[in-house]
Structures are given as C-alpha cells and as structure tokens.
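Inspection log for the structure reproduced underneath, given as structure tokens.
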Amino acid sequence: MGRGVVLRSRPRTERPGGQGRRAGLVGTPIDVLSHPALARLHPTFAHPESPERIEVLLATFPDAREGRPADRRAVERVHAPEYLDALASLREPAWIDGDTIASETSWEAALLAAGCAIEAAESGDFALVRPPGHHATPVRGMGFCLLNNVAVAARHMQAEHGVERIAIVDFDVHHGNGTQDAFAADDSVLYASLHQSGIYPGTGAVGEGGATTVNVPLRAGSSDDEWLDAFVRHVEPAVARFEPGLLLVSAGFDAHEEEDLYLVDMHVTDNGFRELAQRCAALAPRIGAVLEGGYNLTTLPRLVSAALEGFSRESVTAG
C-alpha cells in the first residue's frame with residue numbers, strides 16, 4: 001500500500017459520525033485538500049487559469065488539509081519521461097501552446113496538484129488544485145494543463161492500492177482529451193465526459209476513444225434539465241455496467257451560467273452542479289474529486305461548496 005495509507009470502507013447504511021472515517025461513501029461528508037503554495041507558484045500573467053483561483057478557494061475553505069507533491073515515479077505512470085524532463089528544466093516563462101504557459105515554478109505546482117489528486121483518491125476527498133489536468137496528454141501539456149492529475153491518481157490507485165476498475169467522470173465544459181488518450185487502450189478504466197460540443201479542444205465526439213470511453217457532447221445553451229438528463233441516460237448506466245471499485249471526478253465548473261470563457265455557452269446552475277455531484281456519489285463505493293476548470297472567481301467557491309454538498313448527501317436512485 002503506497003504512502004502509508006489504509007483505505008477504509010463501511011456499509012452505506014452507516015450514518016456520518018461513526019467511528020473511523022471512510023471518506024467518500026454516499027452520505028459521508030468529504031473534506032477538501034489543497035496547498036497554499038498553489039496560490040503563488042506557476043504565475044500565468046493575466047490568464048484565466050490564475051493563482052487567484054486557489055486564493056479565493058482557500059479563503060472559503062481555510063481548514064483545507066495540505067497535500068503533498070507527487071513523486072516522479074507516480075507521474076511517469078502517465079507521462080513520457082522526455083516531457084517531464086522538459087517541464088522540470090524550465091527556467092524562463094515559455095508557451096507550451098497558444099493557451100498554456102509554464103515557467104520555473106510550474107513543475108513544483110504541477111507535482112503538488114498531482115499529489116493532492118492522489119491523496120483525494122486515497123481518502124475520498126476533493127482536491128482543490130491548479131493547474132488543471134484533463135487536457136494534458138501523456139506527451140504534452142495543453143489547454144491550461146501540465147500534468148493529468150486525475151490520470152496520475154487513477155494509475156496510483158491501481159499500482160499502489162490494487163484497485164482493479166476505476167471510472168472517471170468529467171463534467172468540465174471542455175472535453176478531457178488528455179484523459180481519454182491516457183486510457184483509450186485500457187479497459188480497466190472507464191472515462192465518461194459530459195461537455196459542450198464544438199469547442200476546445202475539438203474532441204469528444206460520440207464513439208471516439210476506446211471501448212470504455214463514453215462521450216456525451218451537449219449543444220450550446222444546454223440547461224440543468226438537459227445536462228442532468230444526459231448524465232442519467234448515458235453516464236449512469238455505463239458506470240453501473242462497468243462496476244468500478246473507485247469513481248474519480250474531474251470536477252470542472254466552467255459550464256456554469258455565469259462563466260465567461262471564449263465560445264462557452266452553457267446554462268448550468270448551482271443546483272445543477274449539486275445534483276450532478278450527488279448522482280456521481282451514488283455510482284461507486286468510493287469517490288474522490290479533483291478540480292479542473294472554473295474561472296469565475298466569484299462563483300467558483302460557491303460552486304465547489306455546492307458540489308461538496310452533493311457528494312455528501314444520501315443516495316439518489318441512479319439510472
């Protein structure tokens with residue numbers, strides 16, 4: 001077992017407050033973890049993905065547990081050594097692509113984000129981290145992302161904790177092309193994405209990816225009802241058939257009605273995120289969540305709080 005962690009479970013019928021904490025079972029409050037260094041490392045210079053995202057979250061969750069950085073072995077389970085070497089050796093700011101900047105402290109921030117994701121998977125909590133990860137492929141960073149945090153966490157749980165089947169549910173407004181690529185040829189990990197059609201990164205069509213990929217593109221302007229209906233009709237039955245031992249959530253909040261990103265046009269409300277999180281929590285015996293997008297500094301803390309409420313509620317009927 002890695003990192004000195006013992007995974008604990010208890011029956012779903014036990015109420016919160018019992019002796020011994022299995023984080024992440026339905027009805028059990030889940031905690032948040034982050035690291036204050038993420039509010040200063042990896043400066044992005046008037047970029048939507050900014051250190052201020054962590055500042056506002058830590059102001060809302062001052063008791064967030066401090067995570068630890070991932071080690072090189074953990075991130076090499078997903079990423080090519082040559083890419084990691086290039087990222088670690090940066091000494092001056094450099095644009096990895098047209099949207100993604102990295103500099104001398106970006107490697108440290110990326111390892112902290114991946115390490116917090118690992119701890120969230122182990123303890124069943126919510127990692128509030130930056131930079132996000134779901135666009136990062138095994139060989140390159142892109143779309144604000146450097147390391148694929150949720151993919152690193154999934155591989156860690158398989159290698160160090162023997163979790164055989166893992167489902168990843170991604171509700172960021174953008175398709176997680178990097179996560180899809182990481183597991184396209186691996187039937188031990190199911191990747192399900194609910195995203196707006198026709199925007200960055202241009203992937204995520206129905207039928208794309210491997211046998212355990214479930215892409216659900218939605219039209220621009222979709223509301224709570226359409227968003228949740230698509231989840232119930234497509235994601236819930238796929239995850240139920242897969243029977244994962246662990247569900248990891250790539251929790252992006254940029255589908256919110258008040259988000260202001262280029263070409264993003266979704267009308268999901270606070271209640272929509274709360275209900276979707278509740279439905280995610282009903283799908284597997286253990287859950288953990290990792291922050292992806294969400295760039296409105298006013299709404300982000302509120303939406304994370306809504307998701308935490310959903311993850312911690314009693315079960316809803318899936319399917």
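Going by the structure tokens order, chains are called A, B, ..., each with residues numbered from 1, while ligands are numbered from 1 in the order shown.
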List as a PDB file with C-alpha atoms, in the first residue's frame the protein and nucleic acid residues near Pro81 of chain A, meaning an atom at most 12 Å away when only C-alpha atoms are counted, but skip any in the same chain fewer than 5 places from it.
```pdb
ATOM      1  CA  ARG A  72       8.473  11.265 -10.259  1.00  0.00           C
ATOM      2  CA  ARG A  73       7.500   7.601 -10.334  1.00  0.00           C
ATOM      3  CA  ALA A  74       3.814   8.471  -9.888  1.00  0.00           C
ATOM      4  CA  VAL A  75       3.693  10.915 -12.786  1.00  0.00           C
ATOM      5  CA  GLU A  76       5.747   8.631 -15.044  1.00  0.00           C
ATOM      6  CA  ALA A  86      11.433  19.381 -20.399  1.00  0.00           C
ATOM      7  CA  LEU A  87       8.873  20.699 -17.915  1.00  0.00           C
ATOM      8  CA  ALA A  88      11.192  20.274 -14.930  1.00  0.00           C
ATOM      9  CA  PRO A 138       0.961  11.558 -21.976  1.00  0.00           C
ATOM     10  CA  VAL A 139       3.430  13.515 -24.139  1.00  0.00           C
ATOM     11  CA  ARG A 140       2.447  17.190 -23.847  1.00  0.00           C
TER      12      ARG A 140
END
```
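For segment 114-150 of chain A, the set of residues given helix (DSSP H, G or I) by DSSP on the backbone reads Ala114, Gly115, Cys116, Ala117, Ile118, Glu119, Ala120, Ala121, Glu122, Ser123, Asn149 and Val150 of chain A.
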Would you mind listing what lies within 6 Å of segment 188-202 of chain A as an mmCIF file with C-alpha atoms, in the first residue's frame, with only C-alpha atoms counted and same-chain residues fewer than 5 positions away left out?
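Output contents, as saved in result_26.cif:
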```cif
data_model
loop_
_atom_site.group_PDB
_atom_site.id
_atom_site.type_symbol
_atom_site.label_atom_id
_atom_site.label_comp_id
_atom_site.auth_asym_id
_atom_site.auth_seq_id
_atom_site.Cartn_x
_atom_site.Cartn_y
_atom_site.Cartn_z
ATOM 1 C CA ARG A 165 -11.536 -0.984 -12.101
ATOM 2 C CA ILE A 166 -11.753 2.804 -11.949
ATOM 3 C CA ALA A 167 -14.320 5.108 -13.532
ATOM 4 C CA ILE A 168 -13.539 8.755 -14.243
ATOM 5 C CA VAL A 169 -16.485 11.119 -14.693
ATOM 6 C CA ASP A 170 -15.567 14.500 -16.189
ATOM 7 C CA PHE A 171 -18.121 17.314 -16.104
ATOM 8 C CA VAL A 173 -17.410 22.123 -20.088
ATOM 9 C CA HIS A 174 -14.450 21.094 -22.284
ATOM 10 C CA HIS A 175 -13.776 17.517 -23.315
ATOM 11 C CA THR A 212 -14.552 2.169 -22.220
ATOM 12 C CA THR A 213 -14.939 5.778 -23.377
ATOM 13 C CA VAL A 214 -18.342 7.450 -23.061
ATOM 14 C CA ASN A 215 -18.524 10.877 -24.679
ATOM 15 C CA VAL A 216 -21.686 12.919 -24.228
ATOM 16 C CA PRO A 217 -21.438 16.175 -26.206
ATOM 17 C CA LEU A 218 -24.193 18.695 -25.496
ATOM 18 C CA ARG A 219 -25.450 21.591 -27.574
#
```
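Remark: for Pro43 of chain A, the closest of the candidate residues A:Asp224, A:Glu104, A:Asp260, A:Asp97 is A:Glu104 (distances computed over only C-alpha atoms).
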Nearest to Glu55 of chain A by atom-to-atom distance, counting only C-alpha atoms, from A:Ala154, A:Leu112, A:Ala37, A:Val78 = A:Ala37
Which residues come within 10 Å of Glu92 of chain A, counting only C-alpha atoms, excluding same-chain residues fewer than 5 positions away, as a count of residues only?
-> 4
Contacts of Ala121 of chain A within 6 Å, only C-alpha atoms, excl. fewer than 3 positions in-chain, as an NGL selection string | :A and (118 or 124 or 288)
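Among the candidates A:Ala120, A:Leu246, A:Ala136, A:Ile54, the one nearest to Pro285 of chain A when counting only C-alpha atoms is A:Leu246.
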Could you name the residues that touch Ala110 of chain A at 12 Å or less, counting only C-alpha atoms, but leaving out those on the same chain fewer than 2 positions away, as number ranges by chain?
-> A: 35, 37-38, 41-42, 68-72, 75, 84, 87-88, 102-108, 112-117, 129-133, 136, 141, 144-149, 152
Take the residues from that selection and put them in a file with N, CA and C atoms, as a short mmCIF file (atom, residue, chain, number, x, y, z; two decimals), in the first residue's frame.
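After the write, result_18.cif holds the following:
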```cif
data_model
loop_
_atom_site.label_atom_id
_atom_site.label_comp_id
_atom_site.auth_asym_id
_atom_site.auth_seq_id
_atom_site.Cartn_x
_atom_site.Cartn_y
_atom_site.Cartn_z
N HIS A 35 -3.06 23.23 -1.27
CA HIS A 35 -1.78 23.67 -0.71
C HIS A 35 -1.65 25.16 -0.98
N ALA A 37 0.82 26.98 -1.42
CA ALA A 37 1.82 27.32 -2.45
C ALA A 37 1.20 27.41 -3.84
N LEU A 38 0.07 26.73 -4.05
CA LEU A 38 -0.57 26.79 -5.36
C LEU A 38 -1.16 28.17 -5.65
N LEU A 41 2.75 29.74 -6.80
CA LEU A 41 3.54 29.08 -7.83
C LEU A 41 2.83 29.14 -9.18
N HIS A 42 3.59 28.92 -10.25
CA HIS A 42 3.03 28.85 -11.60
C HIS A 42 2.24 30.11 -11.95
N ARG A 68 0.51 16.79 -0.41
CA ARG A 68 1.94 16.61 -0.66
C ARG A 68 2.18 16.44 -2.15
N PRO A 69 3.37 16.78 -2.62
CA PRO A 69 3.65 16.61 -4.05
C PRO A 69 3.74 15.14 -4.44
N ALA A 70 3.40 14.86 -5.66
CA ALA A 70 3.63 13.53 -6.23
C ALA A 70 5.11 13.34 -6.49
N ASP A 71 5.54 12.09 -6.49
CA ASP A 71 6.93 11.83 -6.86
C ASP A 71 7.02 11.51 -8.35
N ARG A 72 8.25 11.46 -8.82
CA ARG A 72 8.47 11.26 -10.26
C ARG A 72 7.89 9.93 -10.73
N VAL A 75 4.09 10.22 -11.56
CA VAL A 75 3.69 10.91 -12.79
C VAL A 75 4.19 10.19 -14.03
N LEU A 84 8.40 15.18 -19.13
CA LEU A 84 8.62 15.57 -17.74
C LEU A 84 9.96 16.27 -17.58
N LEU A 87 9.64 19.86 -18.83
CA LEU A 87 8.87 20.70 -17.92
C LEU A 87 9.70 21.04 -16.68
N ALA A 88 10.40 20.06 -16.14
CA ALA A 88 11.19 20.27 -14.93
C ALA A 88 12.39 21.19 -15.16
N ALA A 102 4.18 28.05 -19.01
CA ALA A 102 4.88 27.39 -17.91
C ALA A 102 6.17 28.15 -17.64
N SER A 103 6.65 28.04 -16.40
CA SER A 103 7.87 28.75 -16.02
C SER A 103 8.60 27.94 -14.95
N GLU A 104 9.53 28.57 -14.27
CA GLU A 104 10.42 27.84 -13.36
C GLU A 104 9.68 27.14 -12.24
N THR A 105 8.60 27.73 -11.73
CA THR A 105 7.88 27.12 -10.60
C THR A 105 6.71 26.24 -11.04
N SER A 106 6.51 26.11 -12.33
CA SER A 106 5.37 25.32 -12.81
C SER A 106 5.51 23.85 -12.48
N TRP A 107 6.72 23.31 -12.55
CA TRP A 107 6.95 21.90 -12.23
C TRP A 107 6.56 21.61 -10.79
N GLU A 108 6.96 22.49 -9.87
CA GLU A 108 6.61 22.30 -8.46
C GLU A 108 5.10 22.35 -8.26
N LEU A 112 2.59 19.27 -7.03
CA LEU A 112 1.67 19.45 -5.90
C LEU A 112 0.23 19.12 -6.31
N ALA A 113 -0.18 19.59 -7.48
CA ALA A 113 -1.54 19.30 -7.94
C ALA A 113 -1.76 17.81 -8.11
N ALA A 114 -0.80 17.13 -8.72
CA ALA A 114 -0.92 15.68 -8.91
C ALA A 114 -0.90 14.94 -7.58
N GLY A 115 -0.06 15.40 -6.65
CA GLY A 115 -0.01 14.76 -5.34
C GLY A 115 -1.29 14.93 -4.56
N CYS A 116 -1.89 16.12 -4.62
CA CYS A 116 -3.19 16.31 -3.97
C CYS A 116 -4.26 15.43 -4.60
N ALA A 117 -4.21 15.25 -5.91
CA ALA A 117 -5.16 14.36 -6.57
C ALA A 117 -5.01 12.93 -6.08
N VAL A 129 -7.05 22.20 -6.70
CA VAL A 129 -5.69 22.34 -7.21
C VAL A 129 -5.67 23.13 -8.52
N ARG A 130 -4.52 23.58 -8.86
CA ARG A 130 -4.18 24.15 -10.15
C ARG A 130 -2.70 23.87 -10.38
N PRO A 131 -2.24 23.82 -11.61
CA PRO A 131 -3.03 23.87 -12.84
C PRO A 131 -3.94 22.65 -12.98
N PRO A 132 -5.03 22.80 -13.76
CA PRO A 132 -5.89 21.65 -14.02
C PRO A 132 -5.16 20.61 -14.86
N GLY A 133 -5.83 19.50 -15.18
CA GLY A 133 -5.08 18.41 -15.79
C GLY A 133 -5.68 17.69 -16.97
N ALA A 136 -4.02 17.52 -20.50
CA ALA A 136 -2.62 17.09 -20.63
C ALA A 136 -2.58 15.65 -21.11
N GLY A 141 1.67 19.03 -22.51
CA GLY A 141 0.67 19.83 -21.84
C GLY A 141 -0.08 20.67 -22.85
N PHE A 144 -4.24 24.86 -20.70
CA PHE A 144 -4.01 25.28 -19.32
C PHE A 144 -3.43 24.16 -18.45
N CYS A 145 -3.29 22.95 -18.97
CA CYS A 145 -2.94 21.77 -18.17
C CYS A 145 -1.50 21.34 -18.40
N LEU A 146 -0.82 20.90 -17.33
CA LEU A 146 0.56 20.44 -17.43
C LEU A 146 0.68 18.94 -17.18
N LEU A 147 0.19 18.46 -16.05
CA LEU A 147 0.13 17.03 -15.75
C LEU A 147 -1.33 16.63 -15.61
N ASN A 148 -1.64 15.42 -16.02
CA ASN A 148 -3.03 14.97 -15.94
C ASN A 148 -3.28 14.40 -14.55
N ASN A 149 -3.76 15.28 -13.67
CA ASN A 149 -3.87 14.95 -12.25
C ASN A 149 -4.75 13.74 -11.99
N VAL A 152 -3.05 10.52 -13.20
CA VAL A 152 -1.98 10.12 -12.28
C VAL A 152 -2.58 9.46 -11.04
#
```
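Proximity to segment 179-187 of chain A at 6 Å, evaluated using only C-alpha atoms and with sequence-adjacent residues fewer than 3 positions away removed, yields His134, Gly176, Gly209, Gly210 and Thr212 of chain A.
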Print the selection's residues with N, CA and C atoms to a file, as a JSON list (two decimals), in the first residue's frame.
```
[["chain", "number", "residue", "atom", "x", "y", "z"],
["A", 134, "HIS", "N", -6.98, 17.78, -17.21],
["A", 134, "HIS", "CA", -7.60, 16.79, -18.10],
["A", 134, "HIS", "C", -7.26, 16.96, -19.58],
["A", 176, "GLY", "N", -12.18, 16.25, -21.98],
["A", 176, "GLY", "CA", -10.87, 15.92, -21.44],
["A", 176, "GLY", "C", -10.09, 15.01, -22.38],
["A", 209, "GLY", "N", -12.50, 7.44, -29.00],
["A", 209, "GLY", "CA", -11.82, 6.81, -27.87],
["A", 209, "GLY", "C", -11.93, 5.30, -27.93],
["A", 210, "GLY", "N", -11.73, 4.66, -26.78],
["A", 210, "GLY", "CA", -11.75, 3.21, -26.72],
["A", 210, "GLY", "C", -13.09, 2.65, -26.31],
["A", 212, "THR", "N", -14.07, 1.67, -23.51],
["A", 212, "THR", "CA", -14.55, 2.17, -22.22],
["A", 212, "THR", "C", -14.52, 3.70, -22.17]]
```
Residue set, segment 152-284 of chain A restricted to strand (DSSP E or B), as an MDAnalysis selection string | chainID A and resid 166:170 189:196 213:218 223 246:251 256 267:268
With N, CA and C atoms retained, export the selected residues as a CSV table (one decimal), in the first residue's frame.
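Result went into out.csv, see below:
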```csv
chain,number,residue,atom,x,y,z
A,166,ILE,N,-11.5,1.4,-12.3
A,166,ILE,CA,-11.8,2.8,-11.9
A,166,ILE,C,-12.6,3.5,-13.0
A,167,ALA,N,-13.6,4.3,-12.6
A,167,ALA,CA,-14.3,5.1,-13.5
A,167,ALA,C,-14.0,6.6,-13.3
A,168,ILE,N,-13.8,7.3,-14.3
A,168,ILE,CA,-13.5,8.8,-14.2
A,168,ILE,C,-14.7,9.5,-14.9
A,169,VAL,N,-15.4,10.3,-14.2
A,169,VAL,CA,-16.5,11.1,-14.7
A,169,VAL,C,-16.0,12.6,-14.8
A,170,ASP,N,-16.1,13.2,-15.9
A,170,ASP,CA,-15.6,14.5,-16.2
A,170,ASP,C,-16.7,15.4,-16.6
A,189,VAL,N,-10.1,1.1,-17.0
A,189,VAL,CA,-10.5,2.5,-16.7
A,189,VAL,C,-11.6,3.0,-17.6
A,190,LEU,N,-12.7,3.3,-17.1
A,190,LEU,CA,-13.8,3.9,-17.9
A,190,LEU,C,-13.7,5.4,-17.8
A,191,TYR,N,-13.7,6.1,-18.9
A,191,TYR,CA,-13.7,7.6,-19.0
A,191,TYR,C,-15.1,8.1,-19.6
A,192,ALA,N,-15.8,8.9,-18.8
A,192,ALA,CA,-17.1,9.4,-19.3
A,192,ALA,C,-17.0,10.9,-19.1
A,193,SER,N,-17.3,11.6,-20.3
A,193,SER,CA,-17.2,13.1,-20.3
A,193,SER,C,-18.6,13.7,-20.8
A,194,LEU,N,-19.0,14.7,-20.0
A,194,LEU,CA,-20.2,15.4,-20.3
A,194,LEU,C,-19.7,16.8,-20.6
A,195,HIS,N,-19.8,17.3,-21.9
A,195,HIS,CA,-19.1,18.5,-22.3
A,195,HIS,C,-19.9,19.2,-23.4
A,196,GLN,N,-19.6,20.5,-23.6
A,196,GLN,CA,-20.3,21.3,-24.7
A,196,GLN,C,-19.6,20.9,-26.0
A,213,THR,N,-14.8,4.3,-23.3
A,213,THR,CA,-14.9,5.8,-23.4
A,213,THR,C,-16.4,6.1,-23.7
A,214,VAL,N,-17.0,7.0,-22.9
A,214,VAL,CA,-18.3,7.5,-23.1
A,214,VAL,C,-18.3,9.0,-23.2
A,215,ASN,N,-18.5,9.4,-24.4
A,215,ASN,CA,-18.5,10.9,-24.7
A,215,ASN,C,-20.0,11.3,-24.9
A,216,VAL,N,-20.3,12.4,-24.2
A,216,VAL,CA,-21.7,12.9,-24.2
A,216,VAL,C,-21.6,14.4,-24.5
A,217,PRO,N,-21.5,14.8,-25.8
A,217,PRO,CA,-21.4,16.2,-26.2
A,217,PRO,C,-22.8,16.8,-26.2
A,218,LEU,N,-22.9,18.0,-25.6
A,218,LEU,CA,-24.2,18.7,-25.5
A,218,LEU,C,-24.2,20.0,-26.3
A,223,SER,N,-29.4,23.5,-20.6
A,223,SER,CA,-29.8,23.9,-19.2
A,223,SER,C,-29.5,22.7,-18.2
A,246,LEU,N,-13.8,2.3,-7.7
A,246,LEU,CA,-13.5,3.7,-7.3
A,246,LEU,C,-14.0,4.6,-8.4
A,247,LEU,N,-14.6,5.7,-8.1
A,247,LEU,CA,-15.0,6.7,-9.0
A,247,LEU,C,-14.2,8.0,-8.7
A,248,LEU,N,-13.5,8.5,-9.7
A,248,LEU,CA,-12.8,9.8,-9.7
A,248,LEU,C,-13.6,10.8,-10.5
A,249,VAL,N,-13.7,12.0,-10.0
A,249,VAL,CA,-14.5,13.0,-10.7
A,249,VAL,C,-13.5,14.1,-11.1
A,250,SER,N,-13.5,14.4,-12.4
A,250,SER,CA,-12.8,15.6,-12.9
A,250,SER,C,-13.9,16.7,-12.8
A,251,ALA,N,-13.8,17.5,-11.8
A,251,ALA,CA,-14.9,18.5,-11.4
A,251,ALA,C,-14.5,19.9,-12.0
A,256,HIS,N,-21.0,26.6,-15.9
A,256,HIS,CA,-21.9,27.4,-15.1
A,256,HIS,C,-22.5,28.6,-16.0
A,267,HIS,N,-25.8,26.7,-19.6
A,267,HIS,CA,-26.7,27.4,-18.6
A,267,HIS,C,-26.9,26.5,-17.4
A,268,VAL,N,-25.9,25.9,-16.9
A,268,VAL,CA,-26.0,25.1,-15.7
A,268,VAL,C,-25.9,26.0,-14.5
```
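Ranking A:Ala205, A:Leu261, A:Ile287, A:Ala109 by their shortest atom-to-atom distance to Arg40 of chain A, with only C-alpha atoms included, puts A:Ala109 first.
For the pair atom CA of His234 of chain A and atom CA of Ala159 of chain A, the interatomic distance is 29.0 Å.
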